[in-house]
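For reference, the structure discussed in these notes is given below.
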Amino acid sequence: MIAFGPFTILLVLALILSKSTSALDYRSCNDVPAVSGIYSIRPLGTTTLFQVYCEQEQFGGRWLVIQNRYDGSENFNRSWTDYQNGFGNLQGEFWLGLEKIHQITLVDEHEMFVWIGDFNDFEATQKYRFFEVADELDNFRLSLDGWRDGTAGESFYVYRDKPFSTYDRDHDNSILNCAKEMGSGYWHFDCGTGVNRNNLNGEYSDKILGKKRGMWWGGFGAEKNPLKWSRMMIRTRVY
């Protein structure tokens with residue numbers, strides 16, 4: 001029989017304790033260190049632990065990034081399963097995943113912040129005071145309340161109360177499959193363009209693309225002003 005001294009036992013206990021608390025204690029980006037990066041969180045009321053990217057150094061910090069695009073390295077014209085589970089790399093381009101977003105927004109009230117820029121490196125932002133995503137039984141329906149401030153122009157409110165759609169799961173209001181038409185999984189209302197619409201998950205290109213495709217924001221030039229980057233972020237609501 002191997003005998004362990006008191007010091008060895010304490011060391012093992014310390015290692016176990018540090019391992020269990022360092023990864024599991026974070027509930028949201030509110031709780032992580034004030035440095036942007038990847039952290040493991042367990043939202044209140046869930047048993048799931050998963051990794052997220054927390055933006056701590058821009059726009060007041062505490063933002064949890066749910067979508068990040070900047071170079072076109074990731075294809076965003078993906079299936080329902082991909083959008084449900086998430087795809088990409090948290091150190092690069094990614095979609096966090098509808099199931100994770102639902103779990104994060106299920107208990108605490110969240111606001112949303114959209115940060116975009118075009119190929120002239122002109123940037124704009126837009127903030128919404130309430131953002132929530134339902135579960136899969138409700139097709140990850142979006143709840144959204146009015147915009148608070150920003151420079152991009154209001155181009156998201158039309159999607160409130162809309163279920164999510166992908167090319168293989170069509171839930172929009174059009175007789176067409178808007179996810180196919182616009183090359184993007186999204187809370188599509190219809191297949192329209194213009195100032196009140198956006199296509200942040202559309203095809204990445206510095207060219208103006210036809211047939212409503214492309215990555216654009218209606219109040220920021222719509223499809224005639226392709227976006228170079230897009231970042232969608234949420235955080236617990238600030239009153």
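Identifiers in the structure tokens: chain A, B, ... in order shown; residue index from 1 per chain; ligand index from 1 in order shown.
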Open item on the list: If you run DSSP on the backbone here, which positions in region 23-115 of chain A get strand (DSSP E)? Please write them as a list of chain:residue names.
Closed with: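 Strand (DSSP E) assignments inside region 23-115 of chain A correspond to A:Gly37, A:Ile38, A:Tyr39, A:Ser40, A:Ile41, A:Phe50, A:Gln51, A:Val52, A:Tyr53, A:Cys54, A:Glu55, A:Trp63, A:Leu64, A:Val65, A:Ile66, A:Gln67, A:Asn68, A:Arg69, A:Phe87, A:Gly88, A:Phe94, A:Trp95, A:His110, A:Glu111, A:Met112, A:Phe113, A:Val114, A:Trp115.
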At most 9 Å is the cut-off: for each residue in region 134-207 of chain A with any atom that close to an atom of region 91-106 of chain A, write down the nearest atom pair and the distance in Å rounded to one decimal, counting only C-alpha atoms, chain first then increasing number, as JSON lines.
```
{"residue": "A:Ala134", "atom": "CA", "partner": "A:His102", "partner_atom": "CA", "distance": 5.7}
{"residue": "A:Asp135", "atom": "CA", "partner": "A:His102", "partner_atom": "CA", "distance": 6.0}
{"residue": "A:Glu136", "atom": "CA", "partner": "A:Glu99", "partner_atom": "CA", "distance": 7.4}
{"residue": "A:Phe140", "atom": "CA", "partner": "A:Leu98", "partner_atom": "CA", "distance": 6.7}
```
Please produce a file of the residues just selected, as a PDB file, in the first residue's frame, where the atoms kept are all heavy atoms.
```pdb
ATOM      1  N   ALA A 134     -35.795  31.895 -28.422  1.00  0.00           N
ATOM      2  CA  ALA A 134     -36.577  30.786 -27.869  1.00  0.00           C
ATOM      3  C   ALA A 134     -35.889  29.453 -28.137  1.00  0.00           C
ATOM      4  O   ALA A 134     -34.822  29.392 -28.756  1.00  0.00           O
ATOM      5  CB  ALA A 134     -37.985  30.804 -28.468  1.00  0.00           C
ATOM      6  N   ASP A 135     -36.511  28.364 -27.724  1.00  0.00           N
ATOM      7  CA  ASP A 135     -35.916  27.049 -27.905  1.00  0.00           C
ATOM      8  C   ASP A 135     -36.230  26.472 -29.290  1.00  0.00           C
ATOM      9  O   ASP A 135     -36.941  27.090 -30.092  1.00  0.00           O
ATOM     10  CB  ASP A 135     -36.373  26.096 -26.806  1.00  0.00           C
ATOM     11  CG  ASP A 135     -37.883  25.895 -26.778  1.00  0.00           C
ATOM     12  OD1 ASP A 135     -38.567  26.221 -27.774  1.00  0.00           O
ATOM     13  OD2 ASP A 135     -38.392  25.404 -25.757  1.00  0.00           O
ATOM     14  N   GLU A 136     -35.732  25.271 -29.554  1.00  0.00           N
ATOM     15  CA  GLU A 136     -35.910  24.683 -30.883  1.00  0.00           C
ATOM     16  C   GLU A 136     -37.373  24.358 -31.169  1.00  0.00           C
ATOM     17  O   GLU A 136     -37.801  24.392 -32.330  1.00  0.00           O
ATOM     18  CB  GLU A 136     -35.057  23.434 -31.043  1.00  0.00           C
ATOM     19  CG  GLU A 136     -35.084  22.922 -32.483  1.00  0.00           C
ATOM     20  CD  GLU A 136     -34.324  21.631 -32.691  1.00  0.00           C
ATOM     21  OE1 GLU A 136     -33.998  20.957 -31.705  1.00  0.00           O
ATOM     22  OE2 GLU A 136     -34.068  21.301 -33.873  1.00  0.00           O
ATOM     23  N   PHE A 140     -36.344  28.577 -32.527  1.00  0.00           N
ATOM     24  CA  PHE A 140     -35.405  29.619 -32.114  1.00  0.00           C
ATOM     25  C   PHE A 140     -35.915  31.023 -32.465  1.00  0.00           C
ATOM     26  O   PHE A 140     -35.185  31.875 -32.970  1.00  0.00           O
ATOM     27  CB  PHE A 140     -34.026  29.377 -32.712  1.00  0.00           C
ATOM     28  CG  PHE A 140     -33.431  28.058 -32.315  1.00  0.00           C
ATOM     29  CD1 PHE A 140     -33.245  27.042 -33.246  1.00  0.00           C
ATOM     30  CD2 PHE A 140     -33.079  27.803 -31.000  1.00  0.00           C
ATOM     31  CE1 PHE A 140     -32.708  25.812 -32.876  1.00  0.00           C
ATOM     32  CE2 PHE A 140     -32.539  26.572 -30.619  1.00  0.00           C
ATOM     33  CZ  PHE A 140     -32.348  25.575 -31.557  1.00  0.00           C
TER      34      PHE A 140
END
```
TODO: Can you work out which one of A:Lys207, A:Arg27, A:Arg197, A:Arg42 has the shortest atom-to-atom distance to Asp118 (chain A), counting only C-alpha atoms?
DONE: A:Lys207
Open item on the list: What's around Cys29 (chain A) at 7 Å? Count only C-alpha atoms, leave out sequence neighbours fewer than 4 positions away in its own chain, and write the answer as a PyMOL selection string.
Closed with: chain A and resi 54+62-64
Wanna dump the region 22-136 of chain A-region 148-166 of chain A contacts at 10 Å for me, each residue with its shortest atom pair and the distance in Å to one decimal, counting only C-alpha atoms, ordered by chain and number, as JSON lines?
```
{"residue": "A:Asn77", "atom": "CA", "partner": "A:Thr166", "partner_atom": "CA", "distance": 7.9}
{"residue": "A:Arg78", "atom": "CA", "partner": "A:Thr166", "partner_atom": "CA", "distance": 7.0}
{"residue": "A:Ser79", "atom": "CA", "partner": "A:Thr166", "partner_atom": "CA", "distance": 5.9}
{"residue": "A:Trp80", "atom": "CA", "partner": "A:Thr166", "partner_atom": "CA", "distance": 5.6}
{"residue": "A:Thr81", "atom": "CA", "partner": "A:Thr166", "partner_atom": "CA", "distance": 9.3}
{"residue": "A:Asp82", "atom": "CA", "partner": "A:Thr166", "partner_atom": "CA", "distance": 9.6}
{"residue": "A:Tyr83", "atom": "CA", "partner": "A:Thr166", "partner_atom": "CA", "distance": 8.2}
{"residue": "A:Gln84", "atom": "CA", "partner": "A:Phe164", "partner_atom": "CA", "distance": 9.7}
{"residue": "A:Leu98", "atom": "CA", "partner": "A:Phe164", "partner_atom": "CA", "distance": 9.0}
{"residue": "A:Glu111", "atom": "CA", "partner": "A:Arg148", "partner_atom": "CA", "distance": 9.7}
{"residue": "A:Phe113", "atom": "CA", "partner": "A:Gly150", "partner_atom": "CA", "distance": 9.1}
{"residue": "A:Val114", "atom": "CA", "partner": "A:Ala152", "partner_atom": "CA", "distance": 8.7}
{"residue": "A:Trp115", "atom": "CA", "partner": "A:Ala152", "partner_atom": "CA", "distance": 8.5}
{"residue": "A:Ile116", "atom": "CA", "partner": "A:Ala152", "partner_atom": "CA", "distance": 8.0}
{"residue": "A:Gly117", "atom": "CA", "partner": "A:Ala152", "partner_atom": "CA", "distance": 9.5}
{"residue": "A:Glu123", "atom": "CA", "partner": "A:Ala152", "partner_atom": "CA", "distance": 8.2}
{"residue": "A:Ala124", "atom": "CA", "partner": "A:Ala152", "partner_atom": "CA", "distance": 4.9}
{"residue": "A:Thr125", "atom": "CA", "partner": "A:Gly150", "partner_atom": "CA", "distance": 5.1}
{"residue": "A:Gln126", "atom": "CA", "partner": "A:Gly150", "partner_atom": "CA", "distance": 4.1}
{"residue": "A:Lys127", "atom": "CA", "partner": "A:Asp149", "partner_atom": "CA", "distance": 5.6}
{"residue": "A:Tyr128", "atom": "CA", "partner": "A:Arg148", "partner_atom": "CA", "distance": 5.6}
{"residue": "A:Arg129", "atom": "CA", "partner": "A:Arg148", "partner_atom": "CA", "distance": 6.1}
{"residue": "A:Phe130", "atom": "CA", "partner": "A:Arg148", "partner_atom": "CA", "distance": 9.7}
{"residue": "A:Phe131", "atom": "CA", "partner": "A:Arg160", "partner_atom": "CA", "distance": 9.2}
{"residue": "A:Glu132", "atom": "CA", "partner": "A:Arg160", "partner_atom": "CA", "distance": 9.7}
{"residue": "A:Val133", "atom": "CA", "partner": "A:Pro163", "partner_atom": "CA", "distance": 9.1}
{"residue": "A:Ala134", "atom": "CA", "partner": "A:Pro163", "partner_atom": "CA", "distance": 8.7}
{"residue": "A:Glu136", "atom": "CA", "partner": "A:Phe164", "partner_atom": "CA", "distance": 9.4}
```
Any idea what's packed within 12 Å of Phe76 (chain A), counting only C-alpha atoms, ignoring anything in its chain fewer than 2 positions away? Could you give it as a short mmCIF file (atom, residue, chain, number, x, y, z; two decimals) with N, CA, C and O atoms, in the first residue's frame?
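What ended up in out12.cif:
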```cif
data_model
loop_
_atom_site.label_atom_id
_atom_site.label_comp_id
_atom_site.auth_asym_id
_atom_site.auth_seq_id
_atom_site.Cartn_x
_atom_site.Cartn_y
_atom_site.Cartn_z
N GLN A 67 -21.74 36.23 -33.04
CA GLN A 67 -21.38 36.13 -34.46
C GLN A 67 -20.18 37.01 -34.72
O GLN A 67 -20.12 38.15 -34.24
N ASN A 68 -19.20 36.48 -35.45
CA ASN A 68 -18.01 37.27 -35.78
C ASN A 68 -17.58 36.95 -37.20
O ASN A 68 -17.40 35.79 -37.56
N ARG A 69 -17.45 38.00 -38.02
CA ARG A 69 -17.03 37.84 -39.41
C ARG A 69 -16.09 38.99 -39.77
O ARG A 69 -16.33 40.14 -39.41
N GLY A 72 -14.14 36.30 -44.47
CA GLY A 72 -14.76 35.36 -45.38
C GLY A 72 -14.23 33.94 -45.31
O GLY A 72 -14.53 33.12 -46.18
N SER A 73 -13.46 33.63 -44.28
CA SER A 73 -12.87 32.30 -44.19
C SER A 73 -13.88 31.22 -43.80
O SER A 73 -13.62 30.04 -44.00
N GLU A 74 -15.03 31.62 -43.26
CA GLU A 74 -16.04 30.66 -42.84
C GLU A 74 -17.29 30.81 -43.70
O GLU A 74 -17.76 31.91 -43.95
N ARG A 78 -25.25 27.72 -44.14
CA ARG A 78 -25.15 26.42 -43.49
C ARG A 78 -26.52 25.84 -43.16
O ARG A 78 -27.55 26.51 -43.25
N SER A 79 -26.51 24.58 -42.76
CA SER A 79 -27.75 23.84 -42.45
C SER A 79 -28.32 24.25 -41.10
O SER A 79 -27.67 24.91 -40.29
N TRP A 80 -29.55 23.77 -40.86
CA TRP A 80 -30.22 23.99 -39.58
C TRP A 80 -29.37 23.44 -38.42
O TRP A 80 -29.17 24.09 -37.40
N ASP A 82 -26.16 22.94 -38.26
CA ASP A 82 -24.97 23.77 -38.06
C ASP A 82 -25.30 25.03 -37.28
O ASP A 82 -24.58 25.41 -36.35
N TYR A 83 -26.39 25.69 -37.66
CA TYR A 83 -26.76 26.91 -36.96
C TYR A 83 -27.23 26.61 -35.54
O TYR A 83 -27.04 27.43 -34.63
N GLY A 86 -23.77 25.60 -33.79
CA GLY A 86 -22.67 26.56 -33.92
C GLY A 86 -21.58 26.03 -34.84
O GLY A 86 -21.46 24.81 -35.05
N PHE A 87 -20.79 26.92 -35.38
CA PHE A 87 -19.71 26.52 -36.29
C PHE A 87 -18.64 27.60 -36.32
O PHE A 87 -18.84 28.72 -35.86
N GLY A 88 -17.49 27.23 -36.87
CA GLY A 88 -16.37 28.16 -36.95
C GLY A 88 -15.42 28.01 -35.77
O GLY A 88 -15.46 27.04 -35.02
N GLU A 93 -13.62 33.47 -37.38
CA GLU A 93 -15.01 33.67 -37.74
C GLU A 93 -15.86 32.55 -37.14
O GLU A 93 -15.47 31.39 -37.18
N PHE A 94 -17.04 32.90 -36.63
CA PHE A 94 -17.88 31.86 -36.04
C PHE A 94 -19.31 32.33 -35.85
O PHE A 94 -19.62 33.52 -35.85
N TRP A 95 -20.18 31.34 -35.69
CA TRP A 95 -21.55 31.51 -35.20
C TRP A 95 -21.64 30.67 -33.94
O TRP A 95 -21.38 29.47 -33.96
N LEU A 96 -22.02 31.28 -32.82
CA LEU A 96 -21.95 30.59 -31.54
C LEU A 96 -22.87 29.38 -31.48
O LEU A 96 -22.50 28.34 -30.92
N GLY A 97 -24.07 29.49 -32.03
CA GLY A 97 -25.02 28.38 -32.00
C GLY A 97 -26.32 28.80 -31.35
O GLY A 97 -26.34 29.39 -30.26
N THR A 166 -33.20 28.29 -42.37
CA THR A 166 -32.01 27.91 -43.13
C THR A 166 -32.48 27.30 -44.45
O THR A 166 -33.67 27.09 -44.66
N TYR A 167 -31.54 26.99 -45.33
CA TYR A 167 -31.96 26.47 -46.65
C TYR A 167 -32.70 25.15 -46.53
O TYR A 167 -33.48 24.80 -47.43
N ALA A 179 -33.77 31.85 -47.13
CA ALA A 179 -32.41 31.43 -46.78
C ALA A 179 -31.65 31.00 -48.04
O ALA A 179 -30.46 31.27 -48.18
N LYS A 180 -32.36 30.33 -48.97
CA LYS A 180 -31.73 29.97 -50.24
C LYS A 180 -31.51 31.20 -51.11
O LYS A 180 -30.45 31.37 -51.73
N MET A 182 -31.11 34.30 -50.27
CA MET A 182 -30.16 35.28 -49.74
C MET A 182 -28.87 34.63 -49.25
O MET A 182 -27.97 35.33 -48.79
N GLY A 183 -28.79 33.31 -49.36
CA GLY A 183 -27.55 32.61 -49.02
C GLY A 183 -27.18 32.71 -47.56
O GLY A 183 -25.98 32.81 -47.23
N SER A 184 -28.19 32.67 -46.66
CA SER A 184 -27.87 32.86 -45.25
C SER A 184 -28.93 32.26 -44.34
O SER A 184 -30.12 32.39 -44.60
N GLY A 185 -28.49 31.62 -43.28
CA GLY A 185 -29.40 31.27 -42.20
C GLY A 185 -29.67 32.52 -41.37
O GLY A 185 -28.73 33.25 -41.03
N TYR A 186 -30.97 32.77 -41.06
CA TYR A 186 -31.29 34.01 -40.36
C TYR A 186 -32.74 33.99 -39.90
O TYR A 186 -33.50 33.09 -40.26
N ASN A 199 -28.57 41.43 -43.84
CA ASN A 199 -28.20 40.07 -44.21
C ASN A 199 -26.80 39.78 -43.65
O ASN A 199 -25.87 39.45 -44.38
N LEU A 200 -26.67 39.90 -42.34
CA LEU A 200 -25.36 39.80 -41.71
C LEU A 200 -24.72 38.42 -41.85
O LEU A 200 -23.52 38.28 -41.71
N ASN A 201 -25.53 37.40 -42.13
CA ASN A 201 -24.97 36.06 -42.36
C ASN A 201 -24.85 35.72 -43.84
O ASN A 201 -24.62 34.57 -44.21
N GLY A 202 -24.97 36.72 -44.70
CA GLY A 202 -24.90 36.51 -46.14
C GLY A 202 -23.48 36.24 -46.63
O GLY A 202 -22.52 36.25 -45.87
N GLU A 203 -23.38 36.01 -47.93
CA GLU A 203 -22.10 35.67 -48.56
C GLU A 203 -21.10 36.81 -48.43
O GLU A 203 -21.40 37.96 -48.70
N TYR A 204 -19.88 36.47 -48.03
CA TYR A 204 -18.82 37.46 -47.84
C TYR A 204 -18.17 37.80 -49.18
O TYR A 204 -17.68 36.92 -49.89
N ARG A 213 -28.09 38.61 -52.39
CA ARG A 213 -27.06 37.96 -51.60
C ARG A 213 -26.10 39.02 -51.03
O ARG A 213 -26.35 40.21 -51.11
N GLY A 214 -25.03 38.54 -50.45
CA GLY A 214 -24.05 39.46 -49.88
C GLY A 214 -24.31 39.72 -48.40
O GLY A 214 -25.35 39.38 -47.85
N MET A 215 -23.31 40.31 -47.78
CA MET A 215 -23.36 40.64 -46.36
C MET A 215 -23.53 42.15 -46.25
O MET A 215 -22.65 42.92 -46.65
#
```
Task: Pick from A:Ile66, A:Ala222, A:Leu176, A:Leu209 nearest to Thr193 (chain A), counting only C-alpha atoms - done: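 The answer is A:Ala222, which sits nearest to Thr193 (chain A).
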Open item on the list: Let me make sure I understand: among A:Ser230, A:Asn196, A:Gln51, A:Asn139, which one has the smallest atom-to-atom distance to Asp172 (chain A) if we use only C-alpha atoms?
Closed with: A:Asn139
Open item on the list: I'd like the interatomic distance between CA of Gln56 (chain A) and CA of Ala34 (chain A), to a tenth of an Å.
Closed with: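 A separation of 5.5 Å between them.
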Open item on the list: Calculated over only C-alpha atoms, which of the candidates A:Leu49, A:Leu90, A:Leu44, A:Leu142 has the smallest distance to Asp108 (chain A)?
Closed with: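 Checking each candidate against Asp108 (chain A), we get A:Leu44 as the closest.
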- [ ] Run DSSP on the backbone of this structure and report the residues of region 104-147 of chain A it assigns to helix (DSSP H, G or I), as an NGL selection string.
- [x] :A and (104-105 or 136-138)
Just the selected residues (C-alpha atoms), exported as an mmCIF file, in the first residue's frame, please.
```
data_model
loop_
_atom_site.group_PDB
_atom_site.id
_atom_site.type_symbol
_atom_site.label_atom_id
_atom_site.label_comp_id
_atom_site.auth_asym_id
_atom_site.auth_seq_id
_atom_site.Cartn_x
_atom_site.Cartn_y
_atom_site.Cartn_z
ATOM 1 C CA ILE A 104 -27.705 32.246 -22.348
ATOM 2 C CA THR A 105 -30.776 34.463 -22.834
ATOM 3 C CA GLU A 136 -35.910 24.683 -30.883
ATOM 4 C CA LEU A 137 -39.569 23.744 -30.370
ATOM 5 C CA ASP A 138 -40.345 27.359 -31.285
#
```
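Across the structure, CA of Asn177 (chain A) and CA of Asn225 (chain A) are spaced 23.7 Å apart.
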Task: Residue with smallest distance to Asp121 (chain A) - pool A:Trp229, A:Tyr53, A:Phe220, A:Trp187, counting only C-alpha atoms - done: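 Once distances to Asp121 (chain A) are computed over only C-alpha atoms, the minimum belongs to A:Trp229.
Straight-line separation from CA of Asp190 (chain A) to CA of Asp145 (chain A): 19.4 Å.
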